[in-house]
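Structure record follows, encoded as structure tokens.
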Amino acid sequence: KLCRTINAVLGQTNRSVDVEQNHENHKEQLMQDERIRIIAEHTGELFWLLNVKNGSFEYLSPKLFDLIKRGCTAPVVDINSWIANLPESERDRFRNALISAEQEPCDVSHRFSGSDGEYDMWMLTHLVPVRTKNSAENFQIAAMSIDITKHVKLVTELQAAKDSAEETVRAKSSFLANMSHELRTPMNGVIGLMELMLQTDLDNEQQEYATLVLGAAENLERLLNDILDITRIESDTIELQPIIFNLRQLVYDLAQLMSQEAEDRGLDLIINYA
């Protein structure tokens, strides 16, 4: 009889401990839920939790709920109605991302309807599979979406600026190439006439001047070729070739071309060879 009394007392004590433990667990769960609510309401991010089995939303953060209420053109009650508010061209991509998220985390960018019903908002959604103890019944996908509209707009503007700059470079290259070809024709005529003049009877002074004019014309022709090479460099079609040249003669010809300008400025142009 004493043993039965002791067992009864112990049983009552254990039940009291279980009730107290359950109360503490419930209190802790309420505190945890409150923390999640505070985070969801004050971070401004868009959270949702999807039941994969039936496609229903088990949780929508307040900001996402408000966005859906204000911006969606059709009611959102499950994942299919969510996808229905995406542009038709992006719905399959979002469905494929959901399928991938059942195996591993993944990201998907997509447009979403703004407050005026137009597709003017871009989102980046991170999808994560969530498996509980009863994964067959409670398999979920947790998602966080962030507004990347400003980022997409900036990237679009940068791409437009890049395209405009490239078009400007192409126009400049085309102009330089055409100008080089147009100037080369009369320059070839000048070079040809000077070569003929040098074959006539000229005194030493005339010979020197004619030679300088011919050298200047040939230098100008090389400059035109260099301009054409610039267009080839920009179009990545230039080919470099090793050519043997006389450095001493090149420096002398350059000095001859610059000597008159140096004299006009009262400068002495002196060349020393090492």
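Identifiers in the structure tokens: chain A, B, ... in order shown; residue index from 1 per chain; ligand index from 1 in order shown.
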Q. Among stretch 97-236 of chain A, which residues carry a DSSP assignment of helix (DSSP H, G or I), reported as an NGL selection string?
A. :A and (97-101 or 135-138 or 149-198 or 204-234)
Q: Within 6 Å of stretch 170-184 of chain A, counting only C-alpha atoms, which residues show up once you throw out same-chain ones fewer than 4 positions away? Write them as a list in words, please.
A: Leu224, Leu228 and Thr231 of chain A
(Q) Here is a test: counting only C-alpha atoms, which residue of A:Lys153, A:Arg232, A:Arg131, A:Lys69 is nearest to A:Glu104? (A) A:Arg131
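Atom to atom, atom CA of A:Ile191 and atom CA of A:Val213 stand 8.6 Å apart.
Separating atom CA of A:Ile233 from atom CA of A:Leu214 is a distance of 28.4 Å.
We find atom CA of A:Asn96 and atom CA of A:Trp122 to be spaced 18.1 Å apart.
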